[in-house]
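Coordinates as given in upload25.cif (mmCIF, C-alpha atoms):
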```cif
data_protein
#
loop_
_atom_site.label_atom_id
_atom_site.label_comp_id
_atom_site.auth_asym_id
_atom_site.auth_seq_id
_atom_site.Cartn_x
_atom_site.Cartn_y
_atom_site.Cartn_z
CA MET A 1 71.71 38.87 -25.30
CA GLU A 2 69.98 37.80 -28.42
CA LEU A 3 67.31 35.15 -28.64
CA GLU A 4 69.50 32.84 -30.72
CA GLU A 5 72.34 33.10 -28.22
CA LEU A 6 69.91 32.42 -25.33
CA LYS A 7 68.55 29.35 -27.10
CA SER A 8 72.06 28.09 -27.77
CA ARG A 9 73.07 28.47 -24.13
CA MET A 10 69.92 26.75 -22.96
CA PHE A 11 70.47 23.80 -25.29
CA LYS A 12 74.04 23.56 -24.10
CA LEU A 13 72.91 23.58 -20.47
CA LEU A 14 70.29 20.93 -21.22
CA ARG A 15 72.96 18.68 -22.82
CA GLU A 16 75.70 19.23 -20.27
CA ASP A 17 74.03 20.10 -16.94
CA GLU A 18 72.01 17.16 -15.63
CA GLU A 19 70.55 19.14 -12.71
CA PHE A 20 69.36 21.94 -15.04
CA ARG A 21 67.89 19.34 -17.43
CA TYR A 22 65.85 17.73 -14.63
CA ALA A 23 64.70 21.12 -13.32
CA VAL A 24 63.42 22.15 -16.76
CA ALA A 25 61.78 18.73 -17.31
CA GLY A 26 60.15 19.01 -13.91
CA LEU A 27 58.81 22.47 -14.67
CA ILE A 28 57.45 21.35 -18.00
CA GLY A 29 55.97 18.19 -16.43
CA LEU A 30 54.62 20.10 -13.43
CA ASP A 31 52.81 22.53 -15.66
CA GLU A 32 51.25 19.63 -17.58
CA ILE A 33 50.36 17.86 -14.35
CA LEU A 34 48.73 21.03 -12.96
CA LYS A 35 46.70 21.42 -16.16
CA ARG A 36 45.60 17.79 -15.94
CA LEU A 37 44.73 18.19 -12.24
CA ASP A 38 42.58 21.20 -13.08
CA ARG A 39 40.74 19.13 -15.71
CA HIS A 40 40.38 16.19 -13.31
CA GLU A 41 39.12 18.46 -10.52
CA ALA A 42 36.43 19.86 -12.83
CA GLU A 43 35.48 16.32 -13.86
CA LEU A 44 35.37 15.21 -10.21
CA VAL A 45 33.08 18.13 -9.32
CA LYS A 46 30.75 17.17 -12.19
CA LEU A 47 30.90 13.50 -11.20
CA ARG A 48 30.06 14.40 -7.57
CA GLN A 49 27.07 16.44 -8.79
CA ASP A 50 25.96 13.53 -10.99
CA VAL A 51 26.22 11.11 -8.04
CA VAL A 52 24.21 13.47 -5.79
CA GLU A 53 21.54 13.79 -8.49
CA LEU A 54 21.55 10.02 -9.05
CA ARG A 55 21.14 9.38 -5.30
CA ARG A 56 18.25 11.83 -5.21
CA GLU A 57 16.64 10.03 -8.17
CA MET A 58 17.24 6.59 -6.47
CA VAL A 59 15.68 7.87 -3.26
CA GLU A 60 12.68 9.20 -5.20
CA LEU A 61 12.47 5.91 -7.12
CA ARG A 62 12.59 3.94 -3.84
CA GLU A 63 9.86 6.14 -2.35
CA ASP A 64 7.74 5.67 -5.50
CA MET A 65 8.31 1.90 -5.35
CA VAL A 66 7.35 1.75 -1.65
CA LYS A 67 4.17 3.76 -2.38
CA GLY A 68 3.43 1.46 -5.32
CA PHE A 69 3.90 -1.69 -3.23
CA GLU A 70 1.70 -0.25 -0.47
CA LEU A 71 -1.03 0.50 -3.03
CA VAL A 72 -0.81 -3.01 -4.49
CA ASN A 73 -0.91 -4.49 -0.97
CA ARG A 74 -4.03 -2.45 -0.11
CA HIS A 75 -5.73 -3.63 -3.30
CA ILE A 76 -4.82 -7.26 -2.62
CA SER A 77 -6.05 -6.95 0.98
CA ALA A 78 -9.30 -5.37 -0.22
CA LEU A 79 -9.77 -8.15 -2.77
CA GLY A 80 -8.98 -10.76 -0.13
CA THR A 81 -11.46 -9.21 2.28
CA ARG A 82 -14.10 -8.98 -0.42
CA TRP A 83 -13.43 -12.57 -1.51
CA GLY A 84 -13.57 -13.70 2.13
CA LEU A 85 -16.92 -11.97 2.68
CA MET A 86 -18.30 -13.38 -0.58
CA ALA A 87 -17.02 -16.85 0.31
CA GLU A 88 -18.56 -16.59 3.81
CA GLU A 89 -21.91 -15.57 2.34
CA ALA A 90 -21.78 -18.37 -0.25
CA PHE A 91 -20.88 -20.91 2.42
CA ARG A 92 -23.59 -19.57 4.72
CA GLU A 93 -26.18 -20.01 1.96
CA GLY A 94 -24.91 -23.54 1.24
CA LEU A 95 -25.08 -24.42 4.92
CA ARG A 96 -28.59 -22.95 5.13
CA GLY A 97 -29.64 -25.09 2.16
CA VAL A 98 -28.27 -28.30 3.71
CA LEU A 99 -29.70 -27.61 7.16
CA GLU A 100 -33.14 -26.65 5.85
CA LYS A 101 -33.61 -29.11 2.98
CA GLU A 102 -31.70 -32.11 4.24
CA MET A 103 -32.03 -31.90 8.01
CA GLY A 104 -35.30 -30.04 8.49
CA PHE A 105 -33.91 -27.06 10.41
CA LYS A 106 -35.32 -23.60 10.01
CA VAL A 107 -32.38 -21.21 9.52
CA GLU A 108 -32.52 -17.44 9.87
CA ARG A 109 -30.19 -14.52 10.41
CA TRP A 110 -30.88 -12.98 13.82
CA ARG A 111 -30.11 -9.27 14.10
CA THR A 112 -30.30 -6.98 17.09
CA TYR A 113 -28.87 -3.77 18.44
CA ASP A 114 -26.46 -4.22 21.35
CA GLU A 115 -27.05 -1.01 23.33
CA SER A 116 -24.72 -1.94 26.18
CA GLY A 117 -21.76 -2.89 23.94
CA LYS A 118 -21.66 -6.43 25.33
CA VAL A 119 -20.28 -7.98 22.10
CA PHE A 120 -17.87 -5.44 20.61
CA GLY A 121 -17.27 -3.16 23.57
CA TYR A 122 -19.43 -0.36 22.16
CA PRO A 123 -23.09 -0.10 21.05
CA SER A 124 -23.48 -1.75 17.64
CA GLU A 125 -25.55 -3.96 15.35
CA VAL A 126 -25.03 -7.70 16.02
CA GLU A 127 -25.83 -10.64 13.72
CA VAL A 128 -25.71 -14.41 14.13
CA ASP A 129 -27.15 -17.40 12.26
CA VAL A 130 -29.80 -19.33 14.15
CA ALA A 131 -30.94 -22.90 13.31
CA VAL A 132 -34.05 -24.33 15.00
CA LYS A 133 -35.65 -27.80 14.83
CA ASP A 134 -38.02 -29.41 17.34
CA GLU A 135 -37.24 -26.84 20.02
CA LYS A 136 -33.48 -27.46 19.52
CA LEU A 137 -31.66 -24.16 19.06
CA ILE A 138 -28.19 -23.85 17.47
CA LEU A 139 -26.24 -20.61 16.93
CA ILE A 140 -23.79 -20.76 14.03
CA GLU A 141 -20.90 -18.38 13.32
CA VAL A 142 -19.36 -18.58 9.83
CA SER A 143 -16.06 -16.80 9.10
CA SER A 144 -13.17 -17.11 6.64
CA HIS A 145 -10.67 -16.85 9.52
CA MET A 146 -11.13 -17.01 13.27
CA LYS A 147 -8.92 -15.66 16.03
CA ALA A 148 -9.44 -16.09 19.77
CA SER A 149 -11.15 -12.67 19.90
CA ASP A 150 -13.69 -13.90 17.31
CA ILE A 151 -14.51 -16.91 19.49
CA TYR A 152 -15.04 -14.68 22.55
CA GLN A 153 -17.24 -12.35 20.47
CA PHE A 154 -19.29 -15.34 19.30
CA LYS A 155 -19.80 -16.37 22.94
CA SER A 156 -20.85 -12.79 23.74
CA LYS A 157 -23.35 -12.94 20.85
CA ALA A 158 -24.77 -16.16 22.34
CA ASP A 159 -25.07 -14.49 25.76
CA LEU A 160 -26.77 -11.46 24.17
CA TYR A 161 -29.14 -13.76 22.24
CA GLU A 162 -30.13 -15.48 25.48
CA GLU A 163 -30.52 -12.15 27.26
CA LYS A 164 -32.71 -10.65 24.50
CA THR A 165 -34.83 -13.72 23.61
CA GLY A 166 -34.89 -15.60 26.91
CA ARG A 167 -33.74 -18.79 25.12
CA LYS A 168 -30.40 -20.47 25.83
CA PRO A 169 -28.81 -22.02 22.70
CA ASP A 170 -28.34 -25.83 22.88
CA ARG A 171 -25.18 -25.70 20.79
CA LEU A 172 -22.72 -23.08 19.55
CA ILE A 173 -21.02 -23.99 16.26
CA ALA A 174 -18.17 -22.09 14.55
CA VAL A 175 -17.45 -22.92 10.89
CA THR A 176 -14.20 -21.65 9.34
CA PRO A 177 -11.53 -22.84 6.89
CA TYR A 178 -8.80 -21.42 9.16
CA ILE A 179 -8.64 -20.95 12.92
CA ASP A 180 -5.74 -19.86 15.14
CA GLU A 181 -4.41 -22.24 17.79
CA LYS A 182 -5.45 -19.84 20.58
CA ALA A 183 -8.95 -19.71 19.10
CA ILE A 184 -9.17 -23.51 19.27
CA GLU A 185 -8.17 -23.38 22.95
CA ALA A 186 -10.74 -20.63 23.62
CA SER A 187 -13.50 -22.61 21.86
CA LYS A 188 -12.77 -25.66 24.06
CA ARG A 189 -12.95 -23.52 27.21
CA LEU A 190 -16.23 -21.92 26.12
CA GLY A 191 -17.88 -25.10 24.84
CA ILE A 192 -18.04 -23.96 21.21
CA GLU A 193 -17.85 -26.69 18.55
CA VAL A 194 -15.45 -25.81 15.72
CA TYR A 195 -15.65 -27.22 12.20
CA THR A 196 -12.56 -26.38 10.19
CA LYS A 197 -10.09 -27.64 7.64
CA VAL A 198 -7.08 -26.74 9.80
#
```
Will you turn the file into structure tokens for me?
Amino acid sequence: MELEELKSRMFKLLREDEEFRYAVAGLIGLDEILKRLDRHEAELVKLRQDVVELRREMVELREDMVKGFELVNRHISALGTRWGLMAEEAFREGLRGVLEKEMGFKVERWRTYDESGKVFGYPSEVEVDVAVKDEKLILIEVSSHMKASDIYQFKSKADLYEEKTGRKPDRLIAVTPYIDEKAIEASKRLGIEVYTKV
């Protein structure tokens, strides 16, 4: 059978035989669909790889951001601590000036070594401000923030002062711009006067 005759018969079948026509159309369409599916599958594989890479980059970005925020937080905390210490020292000097020049007290920083660990729970250097006038002795603790533990440590410093010098303070005064509620309760129990903004 020649090619021309085969073509003629196929065209005739396509015109006259509906089932044959649909079968051929399906085969032609199926082949096109399979080609498209192959292209789509390759694109899906590439897209999946891109998403995996993107997730990896987002995870790395998140880790970098967390590290960055932690670094910023440490710097802010360090600045806050440094500012707090500088503010405490400035306030301590101002208080010293008022007590000495205006009220006639002699103010000094008392330092000692606490061998038994009475104040901090381990042997360490201990400091406290001492104001004296006419045999009246006042211990003063200045801090940018006081918690209950700070109040108890101040009381331990007063006890250590008495133990080492043989002199019992007449008054214990804590000066701070901020004090916790539990620290206020502790100061009342221990007889420590608190001067604060809050």
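Between atom CA of A:Val194 and atom CA of A:Thr176 there is a distance of 7.7 Å.
Computed from the coordinates, the atom CA of A:Val126 to atom CA of A:Glu185 distance equals 24.0 Å.
All polymer residues at most 10 Å from (-13.4, -13.7, 22.1), using all atoms listed in the file, appear as Val119, Phe120, Met146, Lys147, Ala148, Ser149, Asp150, Ile151, Tyr152, Gln153, Phe154, Lys155, Ser156, Ala183, Ala186, Ser187 and Leu190 of chain A.
Using only C-alpha atoms, the contacts of A:Asp114 at a cut-off of 8 Å, with sequence neighbours closer than 2 positions omitted, comprise Thr112, Ser116, Gly117, Lys118, Val119, Pro123, Ser124, Glu125, Val126 and Leu160 of chain A.
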Ground truth for the PyMOL selection byres ((chain A and resi 134-140) around 6), written as a VMD selection string: chain A and resid 129 to 133 141 169 to 174
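Proximity of A:Lys157, A:Glu53, A:Asp64, A:Ser144 to A:Tyr113, computed with all atoms listed in the file, is greatest for A:Lys157.
As for atom CA of A:Val175 and atom CA of A:Gly121, they are spaced 23.5 Å apart.
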